[in-house]
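Listing of work_11.cif; format and content: mmCIF, C-alpha atoms.
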data_coords
#
loop_
_atom_site.group_PDB
_atom_site.id
_atom_site.type_symbol
_atom_site.label_atom_id
_atom_site.label_comp_id
_atom_site.auth_asym_id
_atom_site.auth_seq_id
_atom_site.Cartn_x
_atom_site.Cartn_y
_atom_site.Cartn_z
ATOM 1 C CA MET A 1 10.894 7.724 -6.830
ATOM 2 C CA ARG A 2 11.319 5.283 -9.707
ATOM 3 C CA LYS A 3 9.851 1.869 -10.381
ATOM 4 C CA PRO A 4 12.257 -0.982 -9.664
ATOM 5 C CA SER A 5 14.200 -2.057 -12.742
ATOM 6 C CA ALA A 6 13.715 -5.649 -13.874
ATOM 7 C CA SER A 7 17.475 -5.986 -14.147
ATOM 8 C CA ARG A 8 18.046 -5.318 -10.466
ATOM 9 C CA GLN A 9 17.697 -7.923 -7.782
ATOM 10 C CA VAL A 10 17.311 -5.693 -4.758
ATOM 11 C CA LYS A 11 16.069 -2.103 -4.502
ATOM 12 C CA LEU A 12 15.677 0.175 -1.525
ATOM 13 C CA VAL A 13 12.708 2.514 -1.837
ATOM 14 C CA GLN A 14 13.073 5.400 0.597
ATOM 15 C CA ILE A 15 9.718 7.021 1.365
ATOM 16 C CA SER A 16 11.094 9.123 4.218
ATOM 17 C CA ASP A 17 14.005 9.290 6.609
ATOM 18 C CA PHE A 18 12.301 6.758 8.846
ATOM 19 C CA LYS A 19 10.688 4.336 6.391
ATOM 20 C CA VAL A 20 12.640 2.135 3.982
ATOM 21 C CA ILE A 21 11.019 -0.676 1.992
ATOM 22 C CA LEU A 22 13.131 -3.524 0.625
ATOM 23 C CA LEU A 23 11.780 -4.891 -2.664
ATOM 24 C CA PHE A 24 13.253 -7.999 -4.241
ATOM 25 C CA ASP A 25 12.646 -10.431 -7.093
ATOM 26 C CA ILE A 26 12.263 -13.818 -5.426
ATOM 27 C CA ASN A 27 13.453 -15.726 -8.519
ATOM 28 C CA ARG A 28 16.608 -13.637 -8.848
ATOM 29 C CA VAL A 29 17.281 -13.821 -5.113
ATOM 30 C CA SER A 30 17.239 -17.607 -5.241
ATOM 31 C CA GLN A 31 19.838 -17.510 -8.048
ATOM 32 C CA SER A 32 22.234 -15.084 -6.357
ATOM 33 C CA PRO A 33 24.539 -16.572 -3.696
ATOM 34 C CA GLN A 34 25.664 -13.088 -2.636
ATOM 35 C CA VAL A 35 22.132 -11.800 -2.040
ATOM 36 C CA ALA A 36 21.068 -15.082 -0.465
ATOM 37 C CA GLU A 37 23.944 -14.764 2.008
ATOM 38 C CA GLN A 38 22.889 -11.193 2.828
ATOM 39 C CA LEU A 39 19.330 -12.307 3.470
ATOM 40 C CA LYS A 40 20.563 -15.171 5.607
ATOM 41 C CA ALA A 41 22.610 -12.736 7.709
ATOM 42 C CA ALA A 42 19.476 -10.668 8.181
ATOM 43 C CA ASN A 43 17.558 -13.766 9.342
ATOM 44 C CA VAL A 44 15.374 -13.810 6.209
ATOM 45 C CA SER A 45 14.411 -17.378 5.301
ATOM 46 C CA MET A 46 13.142 -18.131 1.789
ATOM 47 C CA THR A 47 13.187 -21.927 1.883
ATOM 48 C CA SER A 48 9.524 -22.869 1.778
ATOM 49 C CA THR A 49 6.946 -22.381 -0.963
ATOM 50 C CA ALA A 50 4.590 -20.704 1.489
ATOM 51 C CA GLU A 51 7.222 -18.132 2.458
ATOM 52 C CA ARG A 52 7.907 -17.402 -1.195
ATOM 53 C CA ALA A 53 4.210 -16.884 -1.910
ATOM 54 C CA VAL A 54 3.880 -14.416 0.961
ATOM 55 C CA SER A 55 6.970 -12.517 -0.183
ATOM 56 C CA GLU A 56 5.742 -12.303 -3.785
ATOM 57 C CA SER A 57 2.381 -11.034 -2.570
ATOM 58 C CA SER A 58 4.084 -8.385 -0.437
ATOM 59 C CA VAL A 59 6.184 -7.214 -3.381
ATOM 60 C CA ALA A 60 3.101 -7.038 -5.602
ATOM 61 C CA THR A 61 1.378 -4.867 -3.010
ATOM 62 C CA HIS A 62 4.304 -2.443 -2.847
ATOM 63 C CA LEU A 63 4.410 -2.274 -6.656
ATOM 64 C CA ASP A 64 0.749 -1.217 -6.883
ATOM 65 C CA TYR A 65 1.816 2.277 -7.850
ATOM 66 C CA ALA A 66 -1.449 3.256 -9.564
ATOM 67 C CA ASN A 67 -3.306 3.150 -6.256
ATOM 68 C CA GLN A 68 -0.654 4.666 -3.995
ATOM 69 C CA TYR A 69 -0.364 8.276 -2.877
ATOM 70 C CA VAL A 70 2.164 10.005 -0.646
ATOM 71 C CA SER A 71 0.060 11.809 1.942
ATOM 72 C CA PHE A 72 0.837 14.899 3.996
ATOM 73 C CA MET A 73 -0.885 17.459 6.200
ATOM 74 C CA THR A 74 -1.169 21.141 5.378
ATOM 75 C CA ASP A 75 -3.183 23.404 7.688
ATOM 76 C CA GLY A 76 -4.984 20.382 9.107
ATOM 77 C CA GLN A 77 -6.070 18.983 5.732
ATOM 78 C CA LEU A 78 -4.960 15.560 4.501
ATOM 79 C CA LEU A 79 -3.537 15.972 0.995
ATOM 80 C CA GLY A 80 -1.797 13.622 -1.393
ATOM 81 C CA ILE A 81 -0.010 13.254 -4.711
ATOM 82 C CA PRO A 82 0.715 10.105 -6.766
ATOM 83 C CA VAL A 83 3.655 8.129 -5.431
ATOM 84 C CA THR A 84 5.015 7.961 -8.984
ATOM 85 C CA SER A 85 5.513 11.742 -8.940
ATOM 86 C CA VAL A 86 7.569 11.724 -5.737
ATOM 87 C CA GLN A 87 11.341 11.620 -5.904
ATOM 88 C CA GLU A 88 11.952 11.669 -2.155
ATOM 89 C CA VAL A 89 10.884 13.191 1.158
ATOM 90 C CA LEU A 90 13.225 15.372 3.193
ATOM 91 C CA ASN A 91 13.312 16.838 6.669
ATOM 92 C CA PRO A 92 13.467 20.661 6.919
ATOM 93 C CA GLN A 93 16.222 22.018 4.678
ATOM 94 C CA THR A 94 18.133 25.277 4.357
ATOM 95 C CA ILE A 95 16.345 27.342 1.709
ATOM 96 C CA THR A 96 17.947 30.334 0.033
ATOM 97 C CA PRO A 97 15.446 33.097 -0.830
ATOM 98 C CA VAL A 98 15.292 34.328 -4.423
ATOM 99 C CA PRO A 99 14.874 38.104 -4.933
ATOM 100 C CA LEU A 100 11.782 39.112 -6.917
ATOM 101 C CA ALA A 101 10.500 35.512 -7.042
ATOM 102 C CA ALA A 102 6.770 34.804 -7.083
ATOM 103 C CA GLU A 103 5.146 34.843 -3.655
ATOM 104 C CA GLU A 104 4.661 31.074 -3.565
ATOM 105 C CA ILE A 105 8.371 30.428 -4.198
ATOM 106 C CA SER A 106 10.165 30.156 -0.869
ATOM 107 C CA GLY A 107 13.547 29.907 -2.564
ATOM 108 C CA LEU A 108 16.075 27.307 -3.658
ATOM 109 C CA LEU A 109 17.574 24.323 -1.870
ATOM 110 C CA ASN A 110 20.654 22.307 -2.705
ATOM 111 C CA LEU A 111 19.841 18.618 -3.077
ATOM 112 C CA ARG A 112 23.185 16.835 -3.349
ATOM 113 C CA GLY A 113 24.413 19.414 -5.841
ATOM 114 C CA GLN A 114 21.078 19.744 -7.640
ATOM 115 C CA ILE A 115 19.302 23.098 -7.318
ATOM 116 C CA VAL A 116 15.624 22.556 -6.480
ATOM 117 C CA THR A 117 12.887 25.198 -6.417
ATOM 118 C CA ALA A 118 10.941 25.175 -3.134
ATOM 119 C CA VAL A 119 7.227 25.861 -3.505
ATOM 120 C CA ASN A 120 5.311 26.931 -0.398
ATOM 121 C CA LEU A 121 2.148 24.838 -0.569
ATOM 122 C CA ARG A 122 0.309 26.968 1.977
ATOM 123 C CA ARG A 123 0.759 30.033 -0.206
ATOM 124 C CA ARG A 124 -0.182 28.090 -3.344
ATOM 125 C CA LEU A 125 -3.451 27.123 -1.688
ATOM 126 C CA GLY A 126 -4.165 30.520 -0.163
ATOM 127 C CA LEU A 127 -3.636 29.322 3.406
ATOM 128 C CA PRO A 128 -2.089 31.191 6.354
ATOM 129 C CA GLU A 129 1.630 30.870 6.970
ATOM 130 C CA LEU A 130 3.029 28.018 9.038
ATOM 131 C CA GLU A 131 3.622 28.904 12.694
ATOM 132 C CA ALA A 132 7.001 30.550 13.274
ATOM 133 C CA ASP A 133 8.164 27.797 15.633
ATOM 134 C CA ARG A 134 7.567 25.042 13.063
ATOM 135 C CA GLU A 135 9.582 24.048 10.001
ATOM 136 C CA ALA A 136 8.114 22.688 6.789
ATOM 137 C CA MET A 137 9.052 19.289 5.394
ATOM 138 C CA ASN A 138 9.941 18.762 1.750
ATOM 139 C CA VAL A 139 8.150 16.497 -0.700
ATOM 140 C CA VAL A 140 10.439 16.509 -3.721
ATOM 141 C CA VAL A 141 8.615 15.823 -6.988
ATOM 142 C CA ARG A 142 9.626 15.406 -10.609
ATOM 143 C CA HIS A 143 7.780 17.332 -13.289
ATOM 144 C CA GLN A 144 8.784 17.644 -16.937
ATOM 145 C CA GLY A 145 12.333 16.589 -16.158
ATOM 146 C CA GLU A 146 12.816 19.067 -13.308
ATOM 147 C CA SER A 147 12.758 18.666 -9.525
ATOM 148 C CA TYR A 148 10.641 20.816 -7.217
ATOM 149 C CA SER A 149 10.117 20.681 -3.477
ATOM 150 C CA LEU A 150 6.605 21.111 -2.097
ATOM 151 C CA LEU A 151 6.841 22.546 1.415
ATOM 152 C CA VAL A 152 4.244 20.837 3.615
ATOM 153 C CA ASP A 153 3.469 20.859 7.332
ATOM 154 C CA GLU A 154 3.940 17.165 8.024
ATOM 155 C CA VAL A 155 4.459 14.044 5.912
ATOM 156 C CA GLN A 156 2.142 11.128 6.635
ATOM 157 C CA ASP A 157 2.062 7.612 5.173
ATOM 158 C CA VAL A 158 1.867 6.189 1.688
ATOM 159 C CA ILE A 159 -1.855 5.442 1.332
ATOM 160 C CA ASN A 160 -3.107 2.650 -0.902
ATOM 161 C CA VAL A 161 -6.634 3.493 -2.103
ATOM 162 C CA ALA A 162 -7.281 0.274 -4.016
ATOM 163 C CA GLY A 163 -11.009 -0.405 -4.032
ATOM 164 C CA THR A 164 -11.870 3.202 -3.170
ATOM 165 C CA GLN A 165 -13.486 5.432 -5.785
ATOM 166 C CA LEU A 166 -11.929 8.751 -6.713
ATOM 167 C CA LEU A 167 -14.695 11.355 -6.454
ATOM 168 C CA ALA A 168 -14.993 14.769 -8.051
ATOM 169 C CA PRO A 169 -13.998 17.693 -5.799
ATOM 170 C CA PRO A 170 -16.909 18.781 -3.550
ATOM 171 C CA THR A 171 -18.951 21.693 -4.855
ATOM 172 C CA THR A 172 -18.168 23.530 -1.620
ATOM 173 C CA LEU A 173 -14.422 23.366 -2.283
ATOM 174 C CA ASP A 174 -12.810 26.753 -2.902
ATOM 175 C CA ALA A 175 -12.428 27.511 -6.618
ATOM 176 C CA HIS A 176 -8.673 27.964 -6.258
ATOM 177 C CA TRP A 177 -8.381 24.529 -4.675
ATOM 178 C CA LYS A 178 -10.511 22.964 -7.406
ATOM 179 C CA SER A 179 -8.103 24.232 -10.040
ATOM 180 C CA VAL A 180 -5.264 22.163 -8.548
ATOM 181 C CA THR A 181 -7.289 19.167 -7.330
ATOM 182 C CA THR A 182 -7.645 15.896 -9.237
ATOM 183 C CA GLY A 183 -10.336 14.523 -6.941
ATOM 184 C CA VAL A 184 -10.973 13.234 -3.432
ATOM 185 C CA PHE A 185 -11.181 9.915 -1.631
ATOM 186 C CA ARG A 186 -13.536 9.533 1.315
ATOM 187 C CA LEU A 187 -11.518 7.611 3.884
ATOM 188 C CA GLU A 188 -12.876 6.271 7.163
ATOM 189 C CA HIS A 189 -11.979 9.319 9.243
ATOM 190 C CA SER A 190 -11.092 12.021 6.741
ATOM 191 C CA LEU A 191 -11.369 13.458 3.259
ATOM 192 C CA PHE A 192 -8.237 12.730 1.247
ATOM 193 C CA VAL A 193 -7.686 15.500 -1.309
ATOM 194 C CA ILE A 194 -5.526 14.541 -4.300
ATOM 195 C CA LEU A 195 -3.525 17.372 -5.841
ATOM 196 C CA SER A 196 -2.315 17.667 -9.417
ATOM 197 C CA VAL A 197 1.423 18.273 -9.432
ATOM 198 C CA GLY A 198 1.252 19.647 -12.957
ATOM 199 C CA ALA A 199 -1.507 22.113 -12.088
ATOM 200 C CA LEU A 200 0.320 23.302 -8.974
ATOM 201 C CA LEU A 201 3.521 23.998 -10.848
ATOM 202 C CA THR A 202 1.841 25.417 -13.932
ATOM 203 C CA LEU A 203 0.008 27.954 -11.793
ATOM 204 C CA LYS A 204 3.307 28.751 -10.086
ATOM 205 C CA GLN A 205 4.943 29.472 -13.424
ATOM 206 C CA ASP A 206 2.007 31.590 -14.534
ATOM 207 C CA ALA A 207 1.987 33.641 -11.309
#

Output the file's structure in the form of structure tokens.
Amino acid sequence: MRKPSASRQVKLVQISDFKVILLFDINRVSQSPQVAEQLKAANVSMTSTAERAVSESSVATHLDYANQYVSFMTDGQLLGIPVTSVQEVLNPQTITPVPLAAEEISGLLNLRGQIVTAVNLRRRLGLPELEADREAMNVVVRHQGESYSLLVDEVQDVINVAGTQLLAPPTTLDAHWKSVTTGVFRLEHSLFVILSVGALLTLKQDA
């Protein structure tokens, strides 16, 4: 997932197969007859100052990348990684096993012609295997110019933690988890554990 370019007027940010956010520059929209016509066809009115202010505020909220994390469940635990590290989220994919690969490597998947290494997050965290009747979802991340897919149980929402303090991992957290954890956020109903993409993949390479 990349930050919208200043040179573009409209950008679709796909967080998952069922959530698409439309971001637009209100000043550029007002100067583009083609885009204005598209918005008109979609019943989007931008005529009043109040409407423009609301739209600009909404865009600013979506662009608050520093406080946003893509969240997902793995073995009942709410986990997350920075939204800036996420390329896209995919439904279960066909994964080709790799002979003699490290245990945490489930195999390779073909992402529109790009070969992506699939990392089994349960194995990386020392958790039991996913039930046989369930299929893992893919959180595709970018790290050092390469794409990797983290296999997770279920993708949740993009969580904005603005105003919430990132805490050090609890002392009771397993040592293996601590080595790949940036910190935790205490949300209203759960503990939100933030993982380090770099640490996860570095450990994978060192396995």

Query raised in the report: Care to translate the PyMOL selection byres ((chain A and resi 160-173) around 12) into actual residues of this file, as a count of residues only?
Result: 39

Report task. Decode the PyMOL selection byres ((chain A and resi 92) around 7) for the given file into explicit residues and return them as a PyMOL selection string. Result -> chain A and resi 90-91+93+135-138

Requested in this report: Please provide the set of residues having any atom within 8 Å of region 95-112 of chain A, restricted to all atoms listed in the file, with same-chain residues fewer than 3 positions apart removed, written as a PyMOL selection string.
Outcome: chain A and resi 115-121+123-124+204+207

Residue selection dump (C-alpha atoms) as an mmCIF file, in the frame of the given file:
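Dumped everything to result.cif:
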data_model
loop_
_atom_site.group_PDB
_atom_site.id
_atom_site.type_symbol
_atom_site.label_atom_id
_atom_site.label_comp_id
_atom_site.auth_asym_id
_atom_site.auth_seq_id
_atom_site.Cartn_x
_atom_site.Cartn_y
_atom_site.Cartn_z
ATOM 1 C CA ILE A 115 19.302 23.098 -7.318
ATOM 2 C CA VAL A 116 15.624 22.556 -6.480
ATOM 3 C CA THR A 117 12.887 25.198 -6.417
ATOM 4 C CA ALA A 118 10.941 25.175 -3.134
ATOM 5 C CA VAL A 119 7.227 25.861 -3.505
ATOM 6 C CA ASN A 120 5.311 26.931 -0.398
ATOM 7 C CA LEU A 121 2.148 24.838 -0.569
ATOM 8 C CA ARG A 123 0.759 30.033 -0.206
ATOM 9 C CA ARG A 124 -0.182 28.090 -3.344
ATOM 10 C CA LYS A 204 3.307 28.751 -10.086
ATOM 11 C CA ALA A 207 1.987 33.641 -11.309
#

Report task. Quote the spacing between CA of Asp75 (chain A) and CA of Gln144 (chain A) in Å to one decimal place. Result ->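 About the pair CA of Asp75 (chain A) and CA of Gln144 (chain A): they are 28.0 Å apart.
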
Query raised in the report: Quick one: of A:Val155, A:Val197, A:Leu78, A:Leu127, who's nearest to Val141 (chain A), counting all atoms listed in the file?
Result: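 Going through A:Val155, A:Val197, A:Leu78, A:Leu127 one by one, the smallest distance to Val141 (chain A) is for A:Val197.
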
Report task. Record the distance separating CA of Gly76 (chain A) and CA of Ser149 (chain A), expressed in Å with one decimal. Result -> 19.7 Å

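You will find CA of Gly113 (chain A) at 22.3 Å from CA of Val152 (chain A).
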